[in-house]
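Q: I am sharing entry_18.cif, which consists of mmCIF, C-alpha atoms:
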```
data_query
#
loop_
_atom_site.label_atom_id
_atom_site.label_comp_id
_atom_site.auth_asym_id
_atom_site.auth_seq_id
_atom_site.Cartn_x
_atom_site.Cartn_y
_atom_site.Cartn_z
CA SER A 1 -15.63 -0.56 0.21
CA MET A 2 -12.50 1.16 -1.07
CA LEU A 3 -10.51 1.06 -4.30
CA HIS A 4 -7.05 0.58 -2.81
CA PRO A 5 -4.36 -2.12 -3.15
CA LEU A 6 -3.97 -2.50 0.62
CA TYR A 7 -7.31 -1.56 2.13
CA ASP A 8 -10.62 -3.26 1.47
CA ALA A 9 -12.84 -0.79 3.25
CA LEU A 10 -13.26 2.28 5.39
CA GLY A 11 -15.37 1.98 8.52
CA PHE A 12 -17.14 4.91 10.19
CA THR A 13 -18.62 4.36 13.64
CA TRP A 14 -20.45 7.04 15.59
CA VAL A 15 -21.56 6.49 19.18
CA ARG A 16 -23.23 9.22 21.18
CA GLY A 17 -20.76 10.73 23.62
CA ARG A 18 -17.73 9.18 21.88
CA GLY A 19 -17.84 10.93 18.53
CA LEU A 20 -16.72 9.50 15.19
CA GLU A 21 -14.16 6.74 14.75
CA ILE A 22 -12.67 6.07 11.29
CA GLU A 23 -10.80 2.87 10.53
CA SER A 24 -9.06 1.53 7.43
CA PHE A 25 -9.20 -2.24 7.11
CA ARG A 26 -6.57 -4.28 5.32
CA ASN A 27 -7.13 -7.58 3.65
CA GLU A 28 -5.97 -10.28 6.07
CA PRO A 29 -5.48 -13.86 4.90
CA GLY A 30 -7.55 -16.54 6.60
CA ALA A 31 -11.01 -18.00 6.54
CA PRO A 32 -13.81 -15.93 8.09
CA SER A 33 -15.37 -17.11 11.33
CA ASP A 34 -18.93 -18.32 11.82
CA ARG A 35 -19.72 -14.97 13.41
CA PHE A 36 -19.58 -13.29 10.03
CA LEU A 37 -21.77 -15.95 8.44
CA THR A 38 -24.42 -15.17 11.04
CA SER A 39 -24.17 -11.39 10.84
CA PRO A 40 -27.08 -9.13 9.82
CA TYR A 41 -25.12 -7.88 6.80
CA TYR A 42 -24.52 -11.33 5.40
CA HIS A 43 -28.17 -12.16 6.02
CA LEU A 44 -29.13 -9.12 3.94
CA LEU A 45 -26.78 -9.96 1.10
CA SER A 46 -27.51 -13.67 0.90
CA ASN A 47 -31.26 -13.04 0.92
CA LYS A 48 -31.04 -10.06 -1.44
CA LEU A 49 -32.69 -7.70 1.04
CA ASP A 50 -32.03 -3.99 1.20
CA HIS A 51 -32.79 -3.64 4.92
CA LEU A 52 -33.91 -5.41 8.09
CA ARG A 53 -35.29 -4.06 11.34
CA ARG A 54 -35.22 -5.91 14.67
CA ARG A 55 -36.37 -4.97 18.16
CA LEU A 56 -33.87 -6.25 20.74
CA ASP A 57 -35.78 -8.07 23.48
CA PRO A 58 -33.49 -9.01 26.42
CA SER A 59 -35.79 -11.95 27.25
CA LEU A 60 -35.28 -13.62 23.87
CA PRO A 61 -32.16 -15.28 22.36
CA SER A 62 -30.19 -13.06 20.00
CA GLU A 63 -30.81 -13.67 16.32
CA PHE A 64 -27.33 -12.37 15.46
CA PRO A 65 -24.21 -12.39 17.67
CA VAL A 66 -23.73 -8.64 17.31
CA PHE A 67 -27.02 -8.13 19.17
CA ASP A 68 -25.36 -9.42 22.34
CA ASP A 69 -22.81 -6.60 22.08
CA LEU A 70 -25.49 -4.00 21.36
CA ARG A 71 -27.54 -5.06 24.36
CA LEU A 72 -24.58 -4.33 26.61
CA ILE A 73 -24.76 -0.66 25.65
CA GLY A 74 -28.55 -0.54 26.02
CA VAL A 75 -29.66 -0.79 22.39
CA THR A 76 -33.36 -1.55 22.02
CA ASP A 77 -33.93 -1.28 18.27
CA TYR A 78 -31.76 -1.95 15.20
CA LEU A 79 -32.02 -1.16 11.49
CA ALA A 80 -29.45 -2.48 9.01
CA PHE A 81 -29.20 -1.59 5.33
CA VAL A 82 -27.22 -2.33 2.17
CA HIS A 83 -26.85 0.06 -0.73
CA SER A 84 -24.86 -0.99 -3.80
CA PHE A 85 -23.26 1.46 -6.21
CA ASN A 86 -24.21 0.97 -9.87
CA GLY A 87 -25.68 -2.45 -9.15
CA ASN A 88 -22.26 -3.81 -8.15
CA ALA A 89 -22.71 -5.87 -4.99
CA SER A 90 -19.00 -5.67 -4.10
CA GLN A 91 -18.89 -1.86 -4.32
CA GLY A 92 -21.19 0.09 -2.07
CA MET A 93 -22.15 0.94 1.46
CA MET A 94 -23.63 -1.05 4.30
CA GLY A 95 -24.44 0.10 7.77
CA SER A 96 -26.87 0.17 10.64
CA TRP A 97 -28.73 2.52 12.94
CA SER A 98 -29.30 1.68 16.59
CA THR A 99 -31.11 3.41 19.44
CA ASP A 100 -31.25 2.97 23.20
CA SER A 101 -34.61 4.71 23.48
CA ALA A 102 -36.99 2.59 25.52
CA ALA A 103 -39.63 3.03 22.82
CA GLY A 104 -37.21 2.09 20.02
CA PHE A 105 -37.62 3.52 16.53
CA SER A 106 -41.09 4.70 15.59
CA ASP A 107 -42.55 3.68 12.22
CA SER A 108 -42.05 7.23 10.96
CA MET A 109 -38.39 7.13 12.01
CA ILE A 110 -37.88 3.86 10.10
CA SER A 111 -39.55 5.33 7.03
CA ALA A 112 -37.42 8.47 7.25
CA LEU A 113 -34.16 6.51 7.62
CA LEU A 114 -34.98 4.29 4.66
CA ARG A 115 -36.05 7.30 2.61
CA ILE A 116 -32.71 9.04 3.00
CA GLN A 117 -30.57 6.00 2.08
CA ASN A 118 -30.17 7.00 -1.57
CA HIS A 119 -29.09 10.49 -0.56
CA LEU A 120 -26.79 9.15 2.16
CA ALA A 121 -25.19 6.70 -0.26
CA MET A 122 -24.63 9.44 -2.84
CA ALA A 123 -23.17 11.80 -0.25
CA THR A 124 -20.91 9.04 1.08
CA LYS A 125 -19.68 8.11 -2.38
CA MET A 126 -18.95 11.73 -3.27
CA ALA A 127 -17.19 12.27 0.06
CA VAL A 128 -14.69 9.48 -0.62
CA LEU A 129 -14.05 10.22 -4.31
CA THR A 130 -11.24 12.65 -3.49
CA LYS A 131 -9.75 10.09 -1.11
CA LEU A 132 -10.02 7.39 -3.79
CA ALA A 133 -8.25 9.61 -6.32
CA ASP A 134 -5.53 10.42 -3.80
CA ASN A 135 -5.14 6.68 -3.04
CA MET A 136 -4.69 5.83 -6.70
CA MET A 137 -2.25 8.66 -7.41
CA THR A 138 -0.16 7.78 -4.35
CA THR A 139 -0.22 4.06 -5.18
CA TYR A 140 0.80 4.39 -8.82
CA LEU A 141 2.87 7.58 -8.85
CA GLY A 142 4.09 8.11 -5.29
CA GLY A 143 3.12 10.79 -2.80
CA ASP A 144 4.79 13.89 -4.25
CA ALA A 145 4.15 13.01 -7.90
CA GLY A 146 0.55 12.06 -7.14
CA ARG A 147 -0.11 15.40 -5.47
CA ARG A 148 1.43 17.27 -8.40
CA VAL A 149 -0.83 15.44 -10.87
CA LEU A 150 -3.95 16.07 -8.76
CA ASP A 151 -2.95 19.74 -8.55
CA GLY A 152 -3.05 19.96 -12.34
CA GLN A 153 0.49 19.18 -13.51
CA ILE A 154 -0.70 16.88 -16.28
CA LYS A 155 0.74 18.25 -19.53
CA ARG A 156 3.70 16.79 -21.37
CA GLY A 157 6.89 18.64 -20.53
CA GLU A 158 5.60 20.14 -17.30
CA GLY A 159 7.95 19.62 -14.39
CA ASP A 160 10.79 21.02 -12.34
CA THR A 161 14.52 20.57 -12.04
CA ILE A 162 15.26 19.38 -8.53
CA ARG A 163 18.24 18.12 -6.57
CA ALA A 164 17.86 14.67 -5.06
CA ALA A 165 19.63 11.65 -3.66
CA LEU A 166 18.98 8.88 -6.19
CA VAL A 167 18.57 5.15 -5.67
CA MET A 168 18.45 2.45 -8.33
CA GLY A 169 17.79 -1.13 -7.20
CA ASP A 170 17.64 -4.40 -9.10
CA MET A 171 17.10 -8.08 -8.26
CA ARG A 172 19.79 -10.48 -9.42
CA GLY A 173 19.02 -13.74 -11.23
CA SER A 174 15.44 -12.79 -12.10
CA SER A 175 15.73 -13.83 -15.77
CA ARG A 176 16.88 -17.32 -14.81
CA LEU A 177 14.14 -17.53 -12.19
CA ALA A 178 11.50 -16.55 -14.75
CA GLU A 179 12.72 -19.27 -17.11
CA THR A 180 12.95 -22.05 -14.52
CA SER A 181 9.95 -21.39 -12.30
CA GLY A 182 6.24 -20.89 -12.78
CA ARG A 183 4.56 -17.52 -13.05
CA GLU A 184 3.23 -17.56 -9.47
CA ILE A 185 6.63 -18.44 -7.95
CA TYR A 186 8.33 -15.76 -10.00
CA ILE A 187 5.82 -13.03 -9.09
CA ASP A 188 5.83 -14.05 -5.42
CA THR A 189 9.65 -13.90 -5.32
CA LEU A 190 9.66 -10.54 -7.07
CA ASN A 191 7.18 -9.14 -4.56
CA GLN A 192 9.28 -10.49 -1.68
CA PHE A 193 12.26 -8.67 -3.16
CA PHE A 194 10.32 -5.41 -3.41
CA ASP A 195 8.96 -5.82 0.14
CA ALA A 196 12.47 -6.35 1.48
CA VAL A 197 14.60 -4.03 -0.63
CA ALA A 198 12.33 -1.34 -2.07
CA ALA A 199 10.07 -0.64 0.92
CA PRO A 200 12.70 1.18 3.06
CA PHE A 201 13.23 3.70 0.24
CA ASN A 202 9.56 4.67 0.21
CA ARG A 203 9.55 6.36 3.63
CA LYS A 204 11.39 9.01 5.67
CA GLY A 205 11.65 11.43 2.78
CA GLY A 206 12.14 8.86 0.04
CA GLN A 207 9.66 7.98 -2.67
CA ILE A 208 9.76 5.25 -5.27
CA MET A 209 9.11 6.83 -8.66
CA SER A 210 8.65 3.68 -10.70
CA PHE A 211 9.19 -0.06 -10.87
CA ILE A 212 11.08 -1.17 -13.97
CA GLY A 213 10.82 -4.91 -14.50
CA ASP A 214 12.64 -6.41 -11.53
CA GLY A 215 14.06 -3.07 -10.42
CA PHE A 216 13.05 0.33 -9.12
CA ILE A 217 14.16 3.94 -8.89
CA ALA A 218 13.65 6.11 -5.82
CA VAL A 219 14.44 9.73 -4.99
CA TYR A 220 15.03 11.81 -1.88
CA PRO A 221 14.36 15.41 -3.00
CA CYS A 222 16.42 18.07 -1.24
CA GLU A 223 17.29 21.74 -1.39
CA ARG A 224 20.36 22.96 -3.24
CA HIS A 225 22.65 23.37 -0.24
CA ARG A 226 24.87 21.03 1.71
CA SER A 227 22.84 20.48 4.87
CA GLN A 228 19.75 19.32 2.95
CA SER A 229 21.86 17.15 0.65
CA GLU A 230 23.40 15.51 3.71
CA ILE A 231 19.97 14.76 5.16
CA ALA A 232 18.77 13.22 1.89
CA CYS A 233 21.89 11.12 1.26
CA GLN A 234 22.10 9.90 4.85
CA ALA A 235 18.41 8.90 4.75
CA ALA A 236 19.03 6.97 1.53
CA LEU A 237 22.06 5.24 3.07
CA ALA A 238 20.05 4.32 6.18
CA ALA A 239 17.40 2.81 3.91
CA ALA A 240 20.10 0.82 2.08
CA ARG A 241 21.29 -0.60 5.41
CA SER A 242 17.71 -1.43 6.30
CA ALA A 243 17.24 -3.17 2.95
CA THR A 244 20.34 -5.27 3.61
CA ALA A 245 19.01 -6.32 7.02
CA ARG A 246 15.61 -7.14 5.59
CA VAL A 247 17.08 -9.30 2.82
CA THR A 248 19.23 -11.14 5.37
CA ASP A 249 16.13 -11.86 7.43
CA LEU A 250 14.11 -12.82 4.36
CA ASN A 251 16.76 -15.24 3.10
CA LEU A 252 16.90 -16.99 6.48
CA ARG A 253 13.17 -17.60 6.20
CA ARG A 254 13.51 -18.74 2.59
CA LYS A 255 16.30 -21.15 3.55
CA GLU A 256 14.00 -22.78 6.12
CA LYS A 257 11.57 -23.46 3.26
CA GLY A 258 14.29 -24.83 0.98
CA LEU A 259 14.25 -21.75 -1.28
CA THR A 260 17.25 -20.01 -2.82
CA ASP A 261 18.58 -16.67 -1.60
CA ILE A 262 17.40 -13.42 -3.13
CA LYS A 263 20.30 -11.24 -4.24
CA PHE A 264 20.27 -7.60 -5.28
CA GLY A 265 22.29 -4.60 -6.40
CA ILE A 266 21.78 -0.96 -5.41
CA GLY A 267 23.35 2.21 -6.82
CA LEU A 268 23.42 5.46 -4.80
CA HIS A 269 24.07 8.89 -6.28
CA VAL A 270 23.14 12.56 -5.88
CA GLY A 271 22.51 15.21 -8.51
CA ASN A 272 20.08 17.42 -10.38
CA VAL A 273 17.23 15.72 -12.22
CA MET A 274 14.17 16.70 -14.21
CA PHE A 275 11.06 15.78 -12.24
CA GLY A 276 7.92 15.75 -14.38
CA ASN A 277 5.90 14.43 -17.32
CA VAL A 278 7.22 12.81 -20.49
CA GLY A 279 5.71 10.49 -23.07
CA LEU A 280 2.91 10.85 -25.59
CA THR A 281 0.51 13.75 -25.49
CA ASP A 282 -2.26 11.41 -24.32
CA ARG A 283 -0.17 8.81 -22.46
CA LEU A 284 2.33 10.16 -19.94
CA THR A 285 4.53 8.96 -17.17
CA PHE A 286 5.67 11.05 -14.19
CA SER A 287 9.25 10.25 -13.19
CA VAL A 288 12.81 11.59 -12.97
CA PHE A 289 15.16 12.01 -15.90
CA GLY A 290 18.62 13.35 -16.68
CA SER A 291 22.31 12.46 -16.65
CA ALA A 292 22.32 11.80 -12.90
CA VAL A 293 19.66 9.11 -13.42
CA ASN A 294 21.83 7.49 -16.11
CA GLU A 295 24.79 7.54 -13.73
CA VAL A 296 22.96 5.89 -10.83
CA GLN A 297 21.69 3.22 -13.20
CA ARG A 298 25.23 2.43 -14.28
CA LEU A 299 26.39 2.35 -10.66
CA GLN A 300 23.76 -0.28 -9.96
CA VAL A 301 25.01 -2.35 -12.92
CA LEU A 302 28.54 -2.22 -11.49
CA THR A 303 27.38 -4.30 -8.49
CA LYS A 304 27.63 -7.23 -10.93
CA LYS A 305 31.34 -6.50 -11.33
CA TYR A 306 32.29 -5.87 -7.71
CA PRO A 307 31.59 -8.22 -4.76
CA HIS A 308 29.42 -5.58 -3.12
CA SER A 309 25.65 -5.27 -3.28
CA ILE A 310 25.64 -1.49 -2.70
CA LEU A 311 27.78 1.01 -4.61
CA ALA A 312 27.79 4.80 -4.44
CA SER A 313 29.42 7.75 -6.13
CA LYS A 314 32.04 9.86 -4.37
CA ASP A 315 29.63 12.80 -4.31
CA PHE A 316 27.03 10.72 -2.50
CA ALA A 317 29.54 9.32 0.01
CA SER A 318 30.89 12.80 0.78
CA TYR A 319 27.49 13.81 2.14
CA CYS A 320 27.39 10.76 4.41
CA GLY A 321 30.84 10.91 5.96
CA ALA A 322 33.52 9.11 3.95
CA SER A 323 35.25 7.36 6.89
CA ASN A 324 33.02 4.29 6.65
CA TRP A 325 33.43 3.81 2.91
CA LEU A 326 35.70 1.54 0.89
CA THR A 327 37.03 3.15 -2.30
CA LEU A 328 36.93 0.59 -5.11
CA GLY A 329 38.37 2.67 -7.94
CA SER A 330 37.40 4.92 -10.83
CA GLU A 331 35.07 3.70 -13.53
CA GLU A 332 34.47 5.01 -17.00
CA LEU A 333 30.71 4.74 -17.41
CA ALA A 334 29.07 4.37 -20.79
CA GLY A 335 27.86 7.73 -22.04
CA ILE A 336 29.53 9.63 -19.16
CA LYS A 337 32.53 11.85 -20.03
CA GLN A 338 34.24 11.93 -16.63
CA LYS A 339 35.27 8.86 -14.70
CA LEU A 340 33.26 8.20 -11.57
CA THR A 341 34.89 7.21 -8.28
CA VAL A 342 33.03 4.21 -6.92
CA LEU A 343 32.73 3.42 -3.21
CA SER A 344 30.98 0.83 -1.09
CA PRO A 345 29.61 1.47 2.41
CA ASP A 346 30.52 -0.51 5.51
CA LEU A 347 27.49 -2.75 6.12
CA SER A 348 28.83 -4.60 9.15
CA GLY A 349 26.14 -3.05 11.34
CA ALA A 350 23.30 -3.97 9.03
CA LEU A 351 22.94 -7.59 10.00
CA ALA A 352 20.32 -7.21 12.71
CA VAL A 353 16.58 -6.97 12.21
CA ASP A 354 15.72 -3.37 11.44
CA GLU A 355 13.43 -1.05 13.38
CA ASP A 356 10.39 -2.07 11.35
CA GLY A 357 10.53 -5.63 12.65
CA ALA A 358 12.02 -6.73 9.32
CA LEU A 359 9.46 -8.53 7.21
CA GLU A 360 6.85 -9.32 9.81
CA PRO A 361 3.52 -8.50 8.14
CA VAL A 362 1.22 -6.07 9.91
CA TYR A 363 -2.48 -6.35 9.26
CA ASP A 364 -5.33 -4.32 10.62
CA ARG A 365 -8.33 -6.35 11.74
CA ARG A 366 -11.00 -6.82 9.12
CA SER A 367 -14.45 -5.43 9.84
CA ASP A 368 -17.66 -7.44 9.86
CA ALA A 369 -18.73 -5.52 6.77
CA GLU A 370 -15.57 -6.48 4.89
CA GLN A 371 -15.93 -10.13 5.85
CA VAL A 372 -19.48 -10.44 4.63
CA MET A 373 -18.83 -8.46 1.45
CA LEU A 374 -15.98 -10.86 0.60
CA LEU A 375 -18.14 -13.85 1.44
CA HIS A 376 -20.90 -12.52 -0.77
CA ARG A 377 -18.44 -11.80 -3.57
CA ASP A 378 -16.89 -15.26 -3.38
CA ALA A 379 -20.29 -16.93 -3.28
CA ALA A 380 -21.27 -15.03 -6.43
CA ARG A 381 -18.07 -16.09 -8.20
CA LEU A 382 -18.54 -19.70 -7.17
CA SER A 383 -22.10 -19.73 -8.48
CA ALA A 384 -20.78 -18.24 -11.71
CA GLY A 385 -18.37 -21.17 -12.04
CA ASP A 386 -15.18 -19.23 -11.32
CA PRO A 387 -13.73 -20.82 -8.15
CA SER A 388 -10.18 -19.79 -9.15
CA LYS A 389 -10.86 -16.22 -8.04
CA LEU A 390 -12.02 -17.08 -4.53
CA GLN A 391 -10.04 -15.43 -1.76
#
```
Is it possible to express this structure as C-alpha cells?

A:
Amino acid sequence: SMLHPLYDALGFTWVRGRGLEIESFRNEPGAPSDRFLTSPYYHLLSNKLDHLRRRLDPSLPSEFPVFDDLRLIGVTDYLAFVHSFNGNASQGMMGSWSTDSAAGFSDSMISALLRIQNHLAMATKMAVLTKLADNMMTTYLGGDAGRRVLDGQIKRGEGDTIRAALVMGDMRGSSRLAETSGREIYIDTLNQFFDAVAAPFNRKGGQIMSFIGDGFIAVYPCERHRSQSEIACQAALAAARSATARVTDLNLRRKEKGLTDIKFGIGLHVGNVMFGNVGLTDRLTFSVFGSAVNEVQRLQVLTKKYPHSILASKDFASYCGASNWLTLGSEELAGIKQKLTVLSPDLSGALAVDEDGALEPVYDRRSDAEQVMLLHRDAARLSAGDPSKLQ
C-alpha cells in the first residue's frame, strides 16, 4: 500500500522467464466483485491469519478463483502471506509464492519463506520510503520544488532568481457558491474547476506552485534568452486554450445535470521571479515571489472588468506571436509604476475537446490486493461504528 493521493498501491509481480512487472494502481470507484471476497488475501485478513499454504490438485475444485489461473501456468503449490506495518492493517505488504515443481514446496522451503517475511517486509518498506517521500514532495510542492527540497534546499531564504512564464487562475462566483450550497457541493465544484482549468498547466514544462483558495499559480521556468521564453510562453498559452476547451466540455456535462456553468479568469505574464523558501524559520512554503507575480495576479483580476476569461501582458503576447491577439488597452495596476498593455488571445480554435480527451477520467485497474485491503479496512470501520468513512 502506498501513501499517495492518486495511487492506493504498488504491485510487483515476478514470473520466471518474464522478469519483474511493476504496476501503480489508482483508486477506482465501484463496488468490488465477488472474486475479491473469495480471494486468499481476503481470507487471510478476515480470519486474522498471517499465512496460508495450499497444494493445487487439478482433480479437486479450486478453493479460490485465482487458483484456476495459477493452474494454467502449471502451479502446484501456493503460499500467501500478510505482513502489516506497525500493527496497521491498512498499511503493509501482502503477497504470495508459487511453484510449478511437481513436488511443490518442501516443509523446509515453507519454513524458510515464512522465516524471512520480517526481513522482506522491512526491506520492502525501506525500498519504497524514497519513493513515498518523492510522491509527497511532488504532490504538495510540485516536481521541481519537491526535488529541490529533497536535495536539501530547506532553509528560509534559500532559492534562485529565475525567468518564467507565469499563470494565475481563479474561479468566478466561488464565494456565492460557498454561501448557497453545502460543503460537499462546493468542494466537488472546486475540484472540477481545478481538474478542468489547472490540470493543463501542470504538464509540458509547467508546474503548479500552489493553490490559493479557489485559485492557483503556475510557472513555466525558462532560460534568459528569447527562444526559451518563446517556448515557455507558447506552452502556457496552449495550456490556456486547453483549459478553455475543458471548461466548455465540463459545462456541457454540468448543464445535462441541471448545474450552473463554471466560470474562470486567467492572467498570463512573463518575468523574473524569486523561486524558493519564505515563511517562519520552522514553517516554510516553497513558491514564487516578486513584482512579476504581483502583476500576473492583477491581470487575472482584470478578467472581471473585461469580457474575456484570459488576459495577458504585452511582453507575454510578444513571445507568442501578436497577430492573434486583441489589444484591450493600457491599465494602471495597483502598486505598479508603469501602465501595462493588456491583450486577450483569440480562442476561436479552443472549442473542441483537447488532446487529453477533455475530462474523461482515466483509471488503472485495481489489484486484488488493493480490493481486499479496502474491504478489510471498510469492514473494520463498520465494526467500529463509523459507516460514514466507507468507500

Q: Quote the spacing between atom CA of Val288 of chain A and atom CA of Val273 of chain A in Å to one decimal place.

A: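 These two atoms are separated by 6.1 Å.
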
Q: Rounded to one decimal place, report the atom CA of Glu223 of chain A-atom CA of Lys314 of chain A distance in Å.

A: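 Straight-line distance from atom CA of Glu223 of chain A to atom CA of Lys314 of chain A works out to 19.2 Å.
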
Q: Would you list the residues near (20.2, 7.2, 7.0) (no more than 12 Å away, in the coordinates of the file, using all atoms listed in the file) as an MDAnalysis selection string?

A: chainID A and resid 165 200:201 203:206 220 229:243 317 319:321 345 350

Q: Taking the file above as input, evaluate the PyMOL selection byres ((chain A and resi 213) around 10) and report the hits as an NGL selection string.

A: :A and (170-171 or 174 or 190 or 210-212 or 214-216)

Q: Have a look at A:Ser227, A:Gln117, A:Ser344, A:Thr189 and name the one nearest to Asn324 of chain A; count all atoms listed in the file.

A: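 So, comparing all the options, the nearest one is A:Ser344.
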
Q: How many Å lie between atom CA of Leu340 of chain A and atom CA of Ala196 of chain A, rounded to one decimal?

A: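 Atom-to-atom, atom CA of Leu340 of chain A to atom CA of Ala196 of chain A, that is 28.5 Å.
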
Q: Taking the file as shown, find all residues satisfying the PyMOL selection byres ((chain A and resi 55) around 8) and write them as a short mmCIF file (atom, residue, chain, number, x, y, z; two decimals) with C-alpha atoms, in the coordinates of the input.

A:
```cif
data_model
loop_
_atom_site.label_atom_id
_atom_site.label_comp_id
_atom_site.auth_asym_id
_atom_site.auth_seq_id
_atom_site.Cartn_x
_atom_site.Cartn_y
_atom_site.Cartn_z
CA ARG A 53 -35.29 -4.06 11.34
CA ARG A 54 -35.22 -5.91 14.67
CA LEU A 56 -33.87 -6.25 20.74
CA ASP A 57 -35.78 -8.07 23.48
CA THR A 76 -33.36 -1.55 22.02
CA ASP A 77 -33.93 -1.28 18.27
CA TYR A 78 -31.76 -1.95 15.20
CA GLY A 104 -37.21 2.09 20.02
#
```

Q: Just checking: using only C-alpha atoms, which residue out of A:Ala218, A:Leu129, A:Ile185, A:Leu20 ends up closest to Val296 of chain A?

A: A:Ala218
